[in-house]
Every structure is written in structure tokens, then in C-alpha cells.
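Student: This is the structure, below, for whatever I ask next.
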Amino acid sequence: MAPRPCLLLPLLLALALALGPAAGKARRLLALEALGEAEELAEELWGAGLPGDLPELEPECRRLLAAFAEGSAALTGCLGRRARPVRLCQACHRHYRRLLAQYGSIARAVGNSSESHNCAKSILTSDRLQIVVTLSEFFNETWDAANCANCLKNDSEGLSDSTVEFLDLFNKSLTCFEHNLQGQTIYLSPNNYTEVCKNCNETYKMLNDLYNNLQRMNRQGGESGHSAHLCIDVEDAMNITRKLWSRTFNCSVPCSDTVPVIAVSSFILFLPIVFYLSSFLHSKQKKRILILPKRIQSNASLVNIQEKYS
Amino acid sequence: MANVAKKVSWSGRDRDDDDEDGRADETTPLLNGTGPGLAAGGRQLTSSSFLRIGQLSNVDLNEDVHELETELPRQYPNEIPHNEKLLSLKYESLDYDNSENQLFLEEERRINHTAFRTVEIKRWVICAMIGIFTGLIACFIDIVVENLAGLKYRVVKGNIDKFTEKGGLSFSLLLWATLNASVVMVGSMIVAFIEPVAAGSGIPQIKCYLNGVKIPHVVRLKTLVIKVCGVILSVVGGLAVGKEGPMIHSGAVIAAGISQGRSTSLKRDFKIFEYFRRDTEKRDFVSAGAAAGVSAAFGAPVGGVLFSLEEGASFWNQFLTWRIFFASMISTFTLNSVLSVYHGNAWDLSSPGLINFGRFDNEKMGYTIQEIPIFIFMGVVGGILGALFNALNYWLTMFRIRYIHRPCLQVVEAMLVAAVTATVGFVMIYCSRDCQPIHGSTVAYPLQLFCADGEYNSMATAFFNTPEKSVVNLFHDPPGSYNPMTLGMFTLMYFFLACWTYGLTVSAGVFIPSLLIGAAWGRLFGISLSYLTKGSIWADPGKYALMGAAAQLGGIVRMTLSLTVIMMEATGNVTYGFPIMLVLMTAKIVGDYFVEGLYDMHIQLQSVPFLHWEAPVTSHSLTAREVMSTPVTCLRRIERVGTVVDILSDTSSNHNGFPVVESNPDATQVAGLRGLILRSQLIVLLKHKVFVERANLSLVQRRLKLKDFRDAYPRFPPIQSIHVSQDERECMIDLSEFMNPSPYTVPQEASLPRVFKLFRALGLRHLVVVDNRNEVVGMVTRKDLARYRLGKEGLEELSLAQT
């Protein structure tokens, strides 16, 4: 899709002429582009920090952009590193907050030049790709999907109290598991976890209850706009623990009382049979009394019979 | 005598006057002051001879006399067990044809052009009110069901969670079964003991009403109250039922109530909308109410209009359509806005119906042309399963009519079904080992039971939930939420439960259970398709669940046009229209090959004289002469009061319309037909004592107006409650002012299809058969026409029975 330079050049030249004062620089740039060296030159210029050669961006704006680039790099790195086990919200909320602030300052910044176009305009909306907006949207969506707001304080300054409490308890139960598993390797045999189950039951129960409580509170508050999920860190921590507990350690063995259930259910299922049989045998069948219509007894019924056999 | 004295009120709340209307108990004493000898003596005569007491002797019977003697040997009471080939005497026709007597003409002449415009505006106002009230009732049902069912499921879930750890799950089972049974017991008791007509979905009843059959009590306020409470209780009681079908009945009752501007049950007359107090106008509003009900139930206003058109309306015009559409729109909008406010997002308007199928608009839900044959195959499956459902339900209903007819037995049966439903659900959940991880809070009441922590039992999302929510889950849960075994068992169990439940004495609908069964096997179908094609991209199970639901519902109720549009509107996706139409069409064709639709089947089992669109195809050989009833009880234009009273109080012939003939004492002249008068009009006349002698006596007496007839509508008092003294019996009554002077007549040679067409198209109640000298020879009524039905081996004739 790249337009051929030979076709484009005259057109762009005309445009550059029309632009007036900036035309000289633009023409030079365009000439460079036509030579196919624009990219290298631009990098060169950027590296050299020559301000005069990029007319679209004022130095202030360029500084903001650089800060945003660094911030997003840091956040991306953080998110990637904390992907498993999930610690996104705990580890990266500072990066995220900083990035938000940087984006905000870009969006709010008004260039110091008297010209109408400011930083926000030139960085955010002056090309088709709008990469800064895309990046920022991506981070926001990720943050929302992870539901991190849920385990941060209202002003996003650090983790909320309930989350801290939960994580403490989570660490405690993990240490408990570890402690009780000392001396035996995990893959030893599936039945030898009774020790763990016995000793850590209390901590696990507390953790579970706390989680359920958090969930309930969240659901009640959920009417006012929040989604019903807890933040991903808490959910994932609970998932890991539950999996360890009931799959690996096999600790939650519910008592299944099949015999009484079968007895009760077969009793209930037996009742309708008794009911229908007894009503069939004892209830008097409802009879209908035929009423004889006053009619000319003609061959109407004969017609029917004839039709049946015709 | 005490009995008589009690029944003098006009519009009083009189339990039985509606259906007793002339069909009085044998034990009810006849009029005081009448010659008891005459009445008693008449009863001992054969019915055919007694009928002629009050009629002119010169009704032309010359050539029929030799045939009448065949009636004599049939005098013994002929008792047979209930079957489908009966017509009940309980049902009467509605008077859709205006009685165009002098009073009516005078009134119409008085109303000028602007007044007619006011009437038109009133119609619109009534339609708006119908919409609003139907929407509000739907909201009420929805909110109460949601809260009560939520409470029940939380209690049971808490109990199950507790006993899973400690053991003793049999107690949870008992708790669940007892809760269900006791809630259903209340729901069933109010229906069985207070208002039996509120049982079932009410769609067959409304269908009959709009067809022109007067089902006793069907549009009463009491019925509405029982219906609403009954629906709430049966859904909360965990039966395999839905709350959508009854909405249609509720809407119809609301419409009938509002359009009359008064409530006879509450004895309140608001003195408004008096113009609409007759069957013709009421029928139009009832069809609007039914449409508003559908619209509120499914969020489908166009579907509602088409439902009224397809199922109900025998009579239709464009203005009516537009008004009905207005009522439907208002209804769904009211429901939507009130529920949005209730759910806390006031300006969102996101819940247009009681059941929302959710959004079907992402790419995975789209379909390709290659899938259409698969959909058609699903339609075939739906048709077969629907026919099976109907056939099983037919046998069950027949058994119920014959053996379980006492109210207490009906209540016990409903309780047993509720307990068994809970038990089956519990056992299925107990035996299922299908565990799925919890994704946030998509599952309303996740039951862990024997699953690992953090997982829930997948069977429980289907059984441990209200049916509406289960349907939506089946449509929208991501692939892999259910394993095929779970779905298969669920379909099987729910099929039998739903079949068993429909026809119980509880008010509940069959729409949602059908959708649920269909969605379950449709999803199963989709999953197996995806296995077969090695996980091809287009095999999203939600889409197949939708098609399965449509196929199953179509196979059971056999609605076509309206159901297509309802499903289309409920999914909010117009492109689904084509496959849904194909699926419903196939399901109907396949199903009709085996048995007829559920609603038609129940109408037939109730022995209702229902007139279909056309006369049976092979009935051209029958003429009016063979169809009509004869001899006819006629009245003279100026008749003796005593004769009128005797005719009206004759219990063996509860006629409602009487041809009026010329009162010429001269035997040489023929007594030609002059008009037709209805029982209700005669009763009003007797009540007001409009006798010739009295008019001469006191000139100050008020002239009877049409208003007097309207005030008595629709519950005309029985003849027994009207006191006529011995002196008054000798008075004369002049009918010429009150009779309809231009009744429809046919000659004896008219063929049955022709008579049928006239009857059906004009909504007649009585059609007089005359000979070439304009003498009355017979009378054709609804029951005479409805008794011819196209059976398996050609034309069948149904017999009349007392039920």
C-alpha cells in the first residue's frame, strides 16, 4: 500500500509550499524521505536531541512521551514477571498509578506555544494508529479485568486492609503446609497427608471463611456498579490453596451417606405409585351423562358410515 | 324458598349465577306462585313433548313427525366414562353479534359524530391501561418469585453445605422435598378449592374465550388473584413449570376487567366505559390483554400481537391490530422500566420480558448455510419428542379426569409431584460427578456437594435453580460447562417431570419447561456434533441449545408464526428468524403427523365446543336440516308472562335464544319469523316487569333503556331469583321492541360448510333455519356445528354430555 515516492513527491511539495514558514524544513524532510533515509535520520536526530528538526512535537511534549514510554515498559515488565503465581495487583499497582498519572498529564498538557495544537493533540490524536491511546487502553482493560481496584484502597494507595489480612492468612497456611510436609516429598504417596490435614485444618478453614466473607461483602456492594469478582490475586491464591487442599492432599472428604439417601428417595418415589394405584382402585370413575339432542333423525350418521367406506 | 330469596341481587357476588344461568339444580325450588302441577307434570313427560308446551302448535313439523318417534327409546340415562368425543353442556356461546333492537338503534342514533370520537379515544386509553397493569402484574410476579425462590434455595443450600461435612444428607433431601410440597400444597389448594378455572396455563381457556365460548369464571378478578398467587407458589415450589403462560391469562383478565369499568366481584362500579359492556367489545379488549401478556412474558410485543392473531382472534381488523400493538408495547415498556428501577439501573431498560434469552450477537453465535439441514433435523427430533410429550400427557389427563376429580386428591397429587421433583433433582445432583470450576458468580446457587473446594456441581445449575435461569444458563454458559452425561440425564428426567406436571391443579405454564428440555437436548446435540467434527469452529453449543428449545416448544404447542416471532424477539437477533422458522415448521409438520398440539388436545379433553377455522373438509354432504336442532321453542311477539317464565325455568332445555314469531291466533295464517330474543333480555324484562297491562296502568313508568341491559351484564340473574306473582302470570309481554328484528337465517338446504362459515365469520350464537314460508324449522347453535370433527377415519360426530 505504500505510495510510490515519485507520485507522492509533487503533491507533498505543493502542500509544503502552502504551509508557508515551516515549508523549508518540511521540504528538506520530504526530500530526505524520498531518499529513503528518513528513519535513520529521525533516530539520529532523536539521539542527538536536536529539537528544531521535529516541528510537530515541542520539547515538553517529547519529555512527557518519553516518560510514558518508560512507565509502560516498567508496567509491562512487572505484569509479565508477576503472571504466575498471580501477584499483579500487589506488585504493579504503583507502576499502574504512575502510568495513569503520566497519561493524564499528556492528556491535560497544553503546549507552551501559542499555537492551537497542544501536546494532547499532537501525541494522542494526530495519526491513525494512536499508539499511546492504544497502550493506555490496554493497560486499563487489563487492570479492570484483573479487578485490582477491589483489593486496593479507595485512593489506590496500597492494598486494602481485608486483602492484607487475607494474604497474611494465605502465607500462614502455606507455611503450615510446608512445615507439615517436611520430611516427606510431595509425590511420596497420596494417602500420607493426614498430618497436614489435621494440623492445617484450622488455618485453612479460616482462610476459606475469610474468602467467602469477602465474596459475600463484595456481592452486596456489587449492586452499586462493581463487578462481582474479587481481585485476581486473592482469587488465584485461594484457588491454589483449594487445589492443594482437596486435590493434592485430598483433605476434604465429605461423608457420603448413600444408604439413607437411597432409602428416603425411594420412599418418596414410591408414594405416587401408591397414590395412583389407590385412586385407580378406590375412586369412583367419573361418568358422563349423555344428553340426547333433539334432531331430525335423518341419514346423517349413515352418511358418515358411507364416507368411511367409500 | 329461602334459596330464592337469597338470589335477588342484580350484580351481587353470586357464586353460581354465571353457569347456573338456566341450568338450575334439580333441587332448587321453582318459582313461588307458579303452578307446581305444571312444572312437575312437565318433568314427567318425555322431553320432546314437554318442549312443545310453550311453543306454538303450528310450527311446521308435518314431514318430520314420523322421524321423531325414534327419540323415544333413548329415555334411560346413558352413562359413559369421560372420553375425548364429547361436548359439554357447561359451555355457552358469547353474543358477539349485537342485538340490533329498537333500543340499540335509538341509542346509536343519539350518539353523534364527536361522541363516537370520544369512544375511540376511550378505547386507546383502555389499551394503555391494559398494558400498564399487565406489565405491573408481571413485575410483581417476577419480583416475588425471585425473592421467595432465592430464600428457598439459600435455605436448602445452607442445609446441604452443612450436612455435606457432617453427614446426614437425607435430611437435606427431606427438607427440600417438604419445602416444595408445602409451598405447592398452598398453591394447589387455592386453585382446587377456590377457582379451578385458574389451573394450568390458561392459554386453552383464553383460546376458547376468543373463539366465542363462554368459559365460566374465566375472566373474573378472583381468577386473576388466584392465578397470580398460584403461579408464584408453583414456581417457588420448584415444579417443572414456568410463569410465562399464565401471564397471557392474567393479561386477558385485566383487559376484561378494565374495559368494563367495574368489578362485580368487588361490587364496585366506576361508572366509566359503560359503552363497552357487551361481548363484542370485551372480546377485542381481551385479545389486547392476551397480547400484552405475551409481550410482558417474553419481551416480544410483535409476537404478542401475532399470538392474539394466530391463537385467539376469530375476528380481526386493522385498527384493532394497531391498538393491540400499542397495548403490547406499553406492557413490555412498563415491565422493562419497573424492573430496571428494581434492579438498580434505572435508565438501562435491559429487561424487556419475564424471561430474557440474553444476547445472541457475537460471531460464534452466527450460523452458516451448511448448518441449516442440521437445524431441520433438530426440528424433526423436536416434533417427535413433542408428539411423545403430548401423547403421554393425553393419557395422564384422561386418567386425571376420570379418577382424580376430587379437589383433595388433586391437591395430594400436586404435592406428590412437587416432592418427587425435589427428590429426582436431589438424586441427580447426588449421583453426578460432573464438577466445574466456579467462574465468578455466574451460578446463582453453586452447590459444592462432593466436588473439590472451589468447584460446583454442574447438575445443580440445571436442577437447583428456577427453570428460567436454567434455560438462560444452557444458552449462554461457555462450551464445556456441562458434560454430555449430565445433559442426557437431565433431559430424560425433566421430560417426564414436565409431562407429569402439566395438567396438575396448579396454575403454571408449559413454555419454560419445553424450552428447558429442548435447550438441554439441543446443547447435547451441539456437543456431540462438535465431537464428531473434531471441534469445528461453528459448533457452539449455545446456538444448538436455542434451536433445540425452539424445536421442542414447537413440537409441543404447535404454534408457528407467533412462536417464530416470539423467539426472534426474545433472542433479539433477526437473522435467527430463518432457522427458527424452519425448525418450527418441521416440528409442526412432524408432530401433527402423530398427535395434535397440547392446547388443542386439552380443549378437546375439556369437551369444549370449539370451532376451528373451517368446517371439516368432508362435510359438504350435510345440510342445515341435518345439523339443526328441532323442534324449536318459539315465543309469540306478544306472549303471556306465565309461558315465558315456564319456558325459562324449564331445566331440561336451557335454551338461550328464542325465535319470536307472529302472534296471530288465526291458524290459517303462517306464523313467520319476526325476530330473536335472548334469555338474558327476557330476564331483564321480567325483572323490570315490562308488561303490557302495567304500561297501560301507569304511564309514568320509566321506559326501559339499553343501560338496564348493560347493568345486568355479564352476570344475569337466574330465573329462579325473579318473583312473578300469579296475577302477573296472566299479563302479556310485548317483545317487539326488545327482540332483534333481523336475525340471521338460512334455508334448510344450506350445506354445513356454508352454515359454518356464516357462524364463524360473524361470531353468531344462534342461527335460525327457516323454510320457504319463513317459518321456523330449526335452530343451529355452536354445539350443533362443533360436534362434527375430522377424526382418523373421516368425519366423526361427538355426543353431548352433562359434565
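Note on naming: chains are A, B, ... as they come in the C-alpha cells, residues start from 1 per chain, ligands start from 1 in the order shown.
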Using only C-alpha atoms, tabulate the residues of chain B lying at most 7 Å from any atom of chain A, each with its closest atom pair and that distance in Å to one decimal, by chain and increasing residue number, as a Markdown table.

Tutor:
| residue | atom | partner | partner_atom | distance |
| --- | --- | --- | --- | --- |
| B:Asp64 | CA | A:Ile296 | CA | 6.8 |
| B:Glu67 | CA | A:Gln297 | CA | 6.0 |
| B:Leu68 | CA | A:Ile296 | CA | 6.7 |
| B:Pro77 | CA | A:Ile289 | CA | 6.6 |
| B:Asn78 | CA | A:Leu290 | CA | 5.4 |
| B:Glu79 | CA | A:Ile289 | CA | 4.6 |
| B:Ile80 | CA | A:Arg288 | CA | 5.3 |
| B:Pro81 | CA | A:Lys287 | CA | 4.6 |
| B:His82 | CA | A:Arg288 | CA | 5.8 |
| B:Thr164 | CA | A:Pro254 | CA | 5.7 |
| B:Glu165 | CA | A:Pro254 | CA | 5.3 |
| B:Lys166 | CA | A:Cys255 | CA | 6.5 |
| B:Gly167 | CA | A:Cys255 | CA | 5.2 |
| B:Gly168 | CA | A:Asp257 | CA | 6.4 |
| B:Leu169 | CA | A:Val261 | CA | 6.7 |
| B:Ser170 | CA | A:Val261 | CA | 4.7 |
| B:Arg402 | CA | A:Lys286 | CA | 5.0 |
| B:Tyr403 | CA | A:Gln285 | CA | 5.3 |
| B:Ile404 | CA | A:Ser279 | CA | 6.9 |
| B:Leu416 | CA | A:Pro272 | CA | 6.2 |
| B:Val420 | CA | A:Leu269 | CA | 6.0 |
| B:Thr423 | CA | A:Ser265 | CA | 5.9 |
| B:Gly440 | CA | A:His229 | CA | 5.5 |
| B:Ser441 | CA | A:Ala228 | CA | 6.5 |
| B:Phe450 | CA | A:Pro254 | CA | 6.4 |
| B:Ala452 | CA | A:Ser246 | CA | 5.6 |
| B:Asp453 | CA | A:Arg242 | CA | 5.6 |
| B:Gly454 | CA | A:Arg242 | CA | 6.6 |
| B:Leu622 | CA | A:Ala300 | CA | 7.0 |
| B:Glu626 | CA | A:Ala300 | CA | 6.3 |
| B:Met628 | CA | A:Arg295 | CA | 6.7 |
| B:Ser629 | CA | A:Arg295 | CA | 4.9 |
| B:Thr630 | CA | A:Arg295 | CA | 5.2 |
| B:Pro631 | CA | A:Lys294 | CA | 7.0 |
| B:Glu793 | CA | A:Lys308 | CA | 6.2 |
| B:Gly794 | CA | A:Lys308 | CA | 5.9 |
| B:Leu795 | CA | A:Asn304 | CA | 6.1 |
| B:Leu800 | CA | A:Ile291 | CA | 5.3 |
| B:Ala801 | CA | A:Leu290 | CA | 4.2 |
| B:Gln802 | CA | A:Ile289 | CA | 5.2 |
| B:Thr803 | CA | A:Arg288 | CA | 6.0 |

Student: Write out the residues from the selection above, keeping C-alpha atoms, as a CSV table (one decimal), in the first residue's frame.

Tutor:
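Below you can see part.csv, which holds the result:
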chain,number,residue,atom,x,y,z
B,64,ASP,CA,-90.8,-34.9,10.5
B,67,GLU,CA,-88.9,-39.5,12.4
B,68,LEU,CA,-89.4,-38.0,15.9
B,77,PRO,CA,-79.8,-42.2,31.4
B,78,ASN,CA,-76.9,-43.2,29.3
B,79,GLU,CA,-73.7,-43.0,31.4
B,80,ILE,CA,-70.3,-43.4,29.8
B,81,PRO,CA,-66.8,-42.8,31.1
B,82,HIS,CA,-65.3,-39.5,30.0
B,164,THR,CA,-22.1,-32.5,53.4
B,165,GLU,CA,-19.4,-32.0,56.1
B,166,LYS,CA,-21.1,-33.8,58.9
B,167,GLY,CA,-23.2,-36.4,57.1
B,168,GLY,CA,-26.9,-36.8,57.1
B,169,LEU,CA,-27.7,-35.5,53.6
B,170,SER,CA,-31.0,-37.4,53.7
B,402,ARG,CA,-61.7,-40.0,35.2
B,403,TYR,CA,-60.2,-40.8,38.6
B,404,ILE,CA,-58.7,-37.8,40.2
B,416,LEU,CA,-46.5,-35.6,45.4
B,420,VAL,CA,-40.8,-36.2,43.6
B,423,THR,CA,-36.2,-35.9,45.1
B,440,GLY,CA,-17.1,-15.7,39.5
B,441,SER,CA,-20.8,-15.5,40.2
B,450,PHE,CA,-18.8,-33.8,46.6
B,452,ALA,CA,-13.4,-30.2,45.4
B,453,ASP,CA,-13.3,-26.8,47.0
B,454,GLY,CA,-13.8,-24.0,44.5
B,622,LEU,CA,-74.5,-32.4,5.3
B,626,GLU,CA,-79.5,-32.5,9.5
B,628,MET,CA,-80.0,-28.1,13.3
B,629,SER,CA,-81.9,-28.9,16.5
B,630,THR,CA,-85.6,-29.2,16.2
B,631,PRO,CA,-88.3,-28.6,17.3
B,793,GLU,CA,-61.4,-42.3,9.8
B,794,GLY,CA,-63.2,-39.4,8.3
B,795,LEU,CA,-66.0,-37.4,9.8
B,800,LEU,CA,-73.4,-34.1,24.1
B,801,ALA,CA,-72.9,-34.8,27.7
B,802,GLN,CA,-73.6,-33.3,31.1
B,803,THR,CA,-70.3,-32.6,32.8

Student: Would you please give, as a VMD selection string, all residues of segment 470-688 of chain B that DSSP assigns to helix (DSSP H, G or I) based on the backbone?

Tutor: chain B and resid 470 to 476 484 to 501 511 to 532 541 to 557 561 to 571 574 to 594 598 to 605 624 to 627 641 to 648 679 to 688

Student: Env of segment 136-149 of chain B: 10 Å cut, atoms = only C-alpha atoms, seq-sep filter 5 positions within chain, self excluded. Answer as an NGL selection string.

Tutor: :B and (130-131 or 154-155 or 224 or 228-229 or 231-238 or 243-244 or 246-247 or 250-251 or 254 or 293 or 296-297 or 331-332 or 334-339 or 342-343 or 353-355 or 465-466)

Student: Put those residues in a file: N, CA and C atoms, as a compact mmCIF listing (two decimals), in the first residue's frame.

Tutor:
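Saved file part22.txt follows:
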# COMPACT_ATOMS: atom_id res chain seq x y z
N ILE B 130 -54.45 -1.33 29.99
CA ILE B 130 -54.23 -2.78 29.96
C ILE B 130 -52.74 -3.07 29.94
N GLY B 131 -52.02 -2.34 29.09
CA GLY B 131 -50.58 -2.54 29.01
C GLY B 131 -49.90 -2.28 30.33
N ARG B 154 -31.49 -20.58 49.18
CA ARG B 154 -30.44 -20.29 50.15
C ARG B 154 -30.56 -21.19 51.36
N VAL B 155 -31.82 -21.37 51.81
CA VAL B 155 -32.02 -22.24 52.98
C VAL B 155 -31.55 -23.66 52.68
N LEU B 224 -58.01 -13.94 38.52
CA LEU B 224 -56.71 -13.28 38.37
C LEU B 224 -55.89 -13.41 39.65
N VAL B 228 -52.39 -15.41 39.87
CA VAL B 228 -51.11 -14.79 40.20
C VAL B 228 -50.47 -15.49 41.41
N CYS B 229 -51.27 -15.67 42.46
CA CYS B 229 -50.71 -16.34 43.65
C CYS B 229 -50.31 -17.77 43.31
N VAL B 231 -49.36 -19.06 40.49
CA VAL B 231 -48.13 -19.13 39.69
C VAL B 231 -46.91 -18.93 40.58
N ILE B 232 -47.00 -17.93 41.42
CA ILE B 232 -45.86 -17.66 42.30
C ILE B 232 -45.56 -18.90 43.13
N LEU B 233 -46.61 -19.48 43.71
CA LEU B 233 -46.37 -20.61 44.60
C LEU B 233 -45.86 -21.83 43.84
N SER B 234 -46.37 -22.05 42.63
CA SER B 234 -45.91 -23.28 41.96
C SER B 234 -44.49 -23.11 41.44
N VAL B 235 -44.09 -21.91 41.05
CA VAL B 235 -42.70 -21.74 40.63
C VAL B 235 -41.77 -21.82 41.84
N VAL B 236 -42.17 -21.18 42.92
CA VAL B 236 -41.35 -21.25 44.13
C VAL B 236 -41.31 -22.68 44.64
N GLY B 237 -42.40 -23.41 44.46
CA GLY B 237 -42.44 -24.80 44.90
C GLY B 237 -41.57 -25.72 44.07
N GLY B 238 -40.87 -25.18 43.11
CA GLY B 238 -39.88 -25.98 42.40
C GLY B 238 -40.46 -26.95 41.39
N LYS B 243 -43.65 -19.27 34.49
CA LYS B 243 -44.65 -18.27 34.83
C LYS B 243 -45.08 -17.48 33.61
N GLU B 244 -44.72 -17.94 32.42
CA GLU B 244 -44.99 -17.14 31.23
C GLU B 244 -46.40 -17.39 30.69
N PRO B 246 -49.23 -18.33 32.18
CA PRO B 246 -50.27 -17.67 32.95
C PRO B 246 -50.33 -16.16 32.76
N MET B 247 -49.23 -15.57 32.32
CA MET B 247 -49.27 -14.11 32.08
C MET B 247 -50.31 -13.77 31.03
N SER B 250 -53.57 -13.79 32.69
CA SER B 250 -53.67 -12.62 33.56
C SER B 250 -53.95 -11.37 32.74
N GLY B 251 -53.23 -11.22 31.64
CA GLY B 251 -53.46 -10.06 30.79
C GLY B 251 -54.89 -10.00 30.30
N ILE B 254 -57.19 -8.89 33.09
CA ILE B 254 -57.04 -7.46 33.33
C ILE B 254 -57.80 -6.67 32.27
N GLY B 293 -50.03 -9.75 27.60
CA GLY B 293 -49.46 -10.78 28.46
C GLY B 293 -48.27 -11.45 27.81
N ALA B 296 -45.37 -9.09 27.81
CA ALA B 296 -44.68 -8.95 29.09
C ALA B 296 -43.90 -10.21 29.43
N ALA B 297 -44.41 -11.35 29.01
CA ALA B 297 -43.74 -12.60 29.37
C ALA B 297 -42.43 -12.76 28.64
N SER B 331 -47.06 -2.55 27.57
CA SER B 331 -46.86 -3.59 28.57
C SER B 331 -45.38 -3.92 28.74
N THR B 332 -44.69 -4.17 27.63
CA THR B 332 -43.28 -4.53 27.77
C THR B 332 -42.46 -3.36 28.27
N THR B 334 -43.54 -0.98 30.32
CA THR B 334 -43.78 -0.84 31.76
C THR B 334 -42.95 -1.84 32.54
N LEU B 335 -43.00 -3.09 32.09
CA LEU B 335 -42.23 -4.13 32.78
C LEU B 335 -40.75 -3.76 32.79
N ASN B 336 -40.28 -3.33 31.64
CA ASN B 336 -38.87 -3.01 31.50
C ASN B 336 -38.46 -1.90 32.43
N SER B 337 -39.25 -0.82 32.46
CA SER B 337 -38.81 0.30 33.27
C SER B 337 -38.91 -0.03 34.75
N VAL B 338 -39.98 -0.71 35.15
CA VAL B 338 -40.11 -1.01 36.59
C VAL B 338 -39.02 -1.97 37.03
N LEU B 339 -38.76 -3.01 36.23
CA LEU B 339 -37.72 -3.96 36.62
C LEU B 339 -36.35 -3.30 36.61
N TYR B 342 -36.04 -1.56 39.73
CA TYR B 342 -35.88 -2.53 40.81
C TYR B 342 -34.46 -3.07 40.85
N HIS B 343 -33.87 -3.32 39.67
CA HIS B 343 -32.52 -3.86 39.65
C HIS B 343 -31.46 -2.80 39.83
N GLY B 353 -38.59 -8.60 29.23
CA GLY B 353 -39.59 -9.63 29.47
C GLY B 353 -39.31 -10.38 30.75
N LEU B 354 -40.25 -11.24 31.13
CA LEU B 354 -40.03 -12.07 32.31
C LEU B 354 -38.85 -12.99 32.08
N ILE B 355 -38.76 -13.52 30.86
CA ILE B 355 -37.58 -14.31 30.54
C ILE B 355 -36.83 -13.59 29.45
N ASN B 465 -32.30 -24.58 40.61
CA ASN B 465 -32.45 -23.23 40.09
C ASN B 465 -33.86 -23.09 39.56
N THR B 466 -34.32 -21.84 39.39
CA THR B 466 -35.62 -21.71 38.75
C THR B 466 -35.45 -22.04 37.27

Student: List the spatial neighbours of Ile556 of chain B as a PyMOL selection string - criterion: any atom at most 8 Å away, only C-alpha atoms, same-chain residues fewer than 4 positions off excluded.

Tutor: chain B and resi 383+386-387+389-390+514+552+591+597-598

Student: Write the residues of the selection above to a file with N, CA and C atoms, as a PDB file, in the first residue's frame.

Tutor:
ATOM      1  N   GLY B 383     -40.184 -32.392  16.842  1.00  0.00           N
ATOM      2  CA  GLY B 383     -41.546 -32.807  16.529  1.00  0.00           C
ATOM      3  C   GLY B 383     -41.869 -34.154  17.138  1.00  0.00           C
ATOM      4  N   GLY B 386     -41.994 -33.827  20.911  1.00  0.00           N
ATOM      5  CA  GLY B 386     -43.200 -33.096  21.274  1.00  0.00           C
ATOM      6  C   GLY B 386     -44.431 -33.986  21.185  1.00  0.00           C
ATOM      7  N   ALA B 387     -44.495 -34.782  20.128  1.00  0.00           N
ATOM      8  CA  ALA B 387     -45.633 -35.682  19.973  1.00  0.00           C
ATOM      9  C   ALA B 387     -45.662 -36.699  21.100  1.00  0.00           C
ATOM     10  N   PHE B 389     -44.458 -36.253  24.084  1.00  0.00           N
ATOM     11  CA  PHE B 389     -44.883 -35.492  25.265  1.00  0.00           C
ATOM     12  C   PHE B 389     -46.406 -35.384  25.289  1.00  0.00           C
ATOM     13  N   ASN B 390     -46.977 -34.985  24.154  1.00  0.00           N
ATOM     14  CA  ASN B 390     -48.422 -34.787  24.104  1.00  0.00           C
ATOM     15  C   ASN B 390     -49.173 -36.096  24.305  1.00  0.00           C
ATOM     16  N   SER B 514     -40.759 -26.660  28.349  1.00  0.00           N
ATOM     17  CA  SER B 514     -40.455 -27.127  26.994  1.00  0.00           C
ATOM     18  C   SER B 514     -39.138 -26.545  26.515  1.00  0.00           C
ATOM     19  N   GLN B 552     -38.423 -28.057  20.423  1.00  0.00           N
ATOM     20  CA  GLN B 552     -39.214 -28.748  21.436  1.00  0.00           C
ATOM     21  C   GLN B 552     -40.519 -28.000  21.714  1.00  0.00           C
ATOM     22  N   GLY B 591     -44.822 -33.310  14.089  1.00  0.00           N
ATOM     23  CA  GLY B 591     -45.677 -33.543  15.246  1.00  0.00           C
ATOM     24  C   GLY B 591     -47.118 -33.794  14.855  1.00  0.00           C
ATOM     25  N   GLY B 597     -51.612 -30.613  18.784  1.00  0.00           N
ATOM     26  CA  GLY B 597     -50.920 -29.786  19.765  1.00  0.00           C
ATOM     27  C   GLY B 597     -51.512 -29.901  21.154  1.00  0.00           C
ATOM     28  N   LEU B 598     -50.697 -29.529  22.140  1.00  0.00           N
ATOM     29  CA  LEU B 598     -51.093 -29.711  23.531  1.00  0.00           C
ATOM     30  C   LEU B 598     -52.348 -28.912  23.869  1.00  0.00           C
TER      31      LEU B 598
END

Student: What's the 10 Å shell around Gly672 of chain B, counting only C-alpha atoms, without same-chain residues fewer than 2 positions away, as a PyMOL selection string?

Tutor: chain B and resi 59+659-664+669-670+674-675+770-771+773-776

Student: Given the choices A:Asn150, A:Phe170, A:Phe249, A:Ala66, which gets closest to Val196 of chain A if the distance is worked out from only C-alpha atoms?

Tutor: A:Phe249

Student: Assign secondary structure with DSSP using the backbone only, and return the residues of segment 70-265 of chain B in strand (DSSP E) as a VMD selection string.

Tutor: chain B and resid 78 to 81 86 to 88 92 to 93 213 to 214 262 to 263
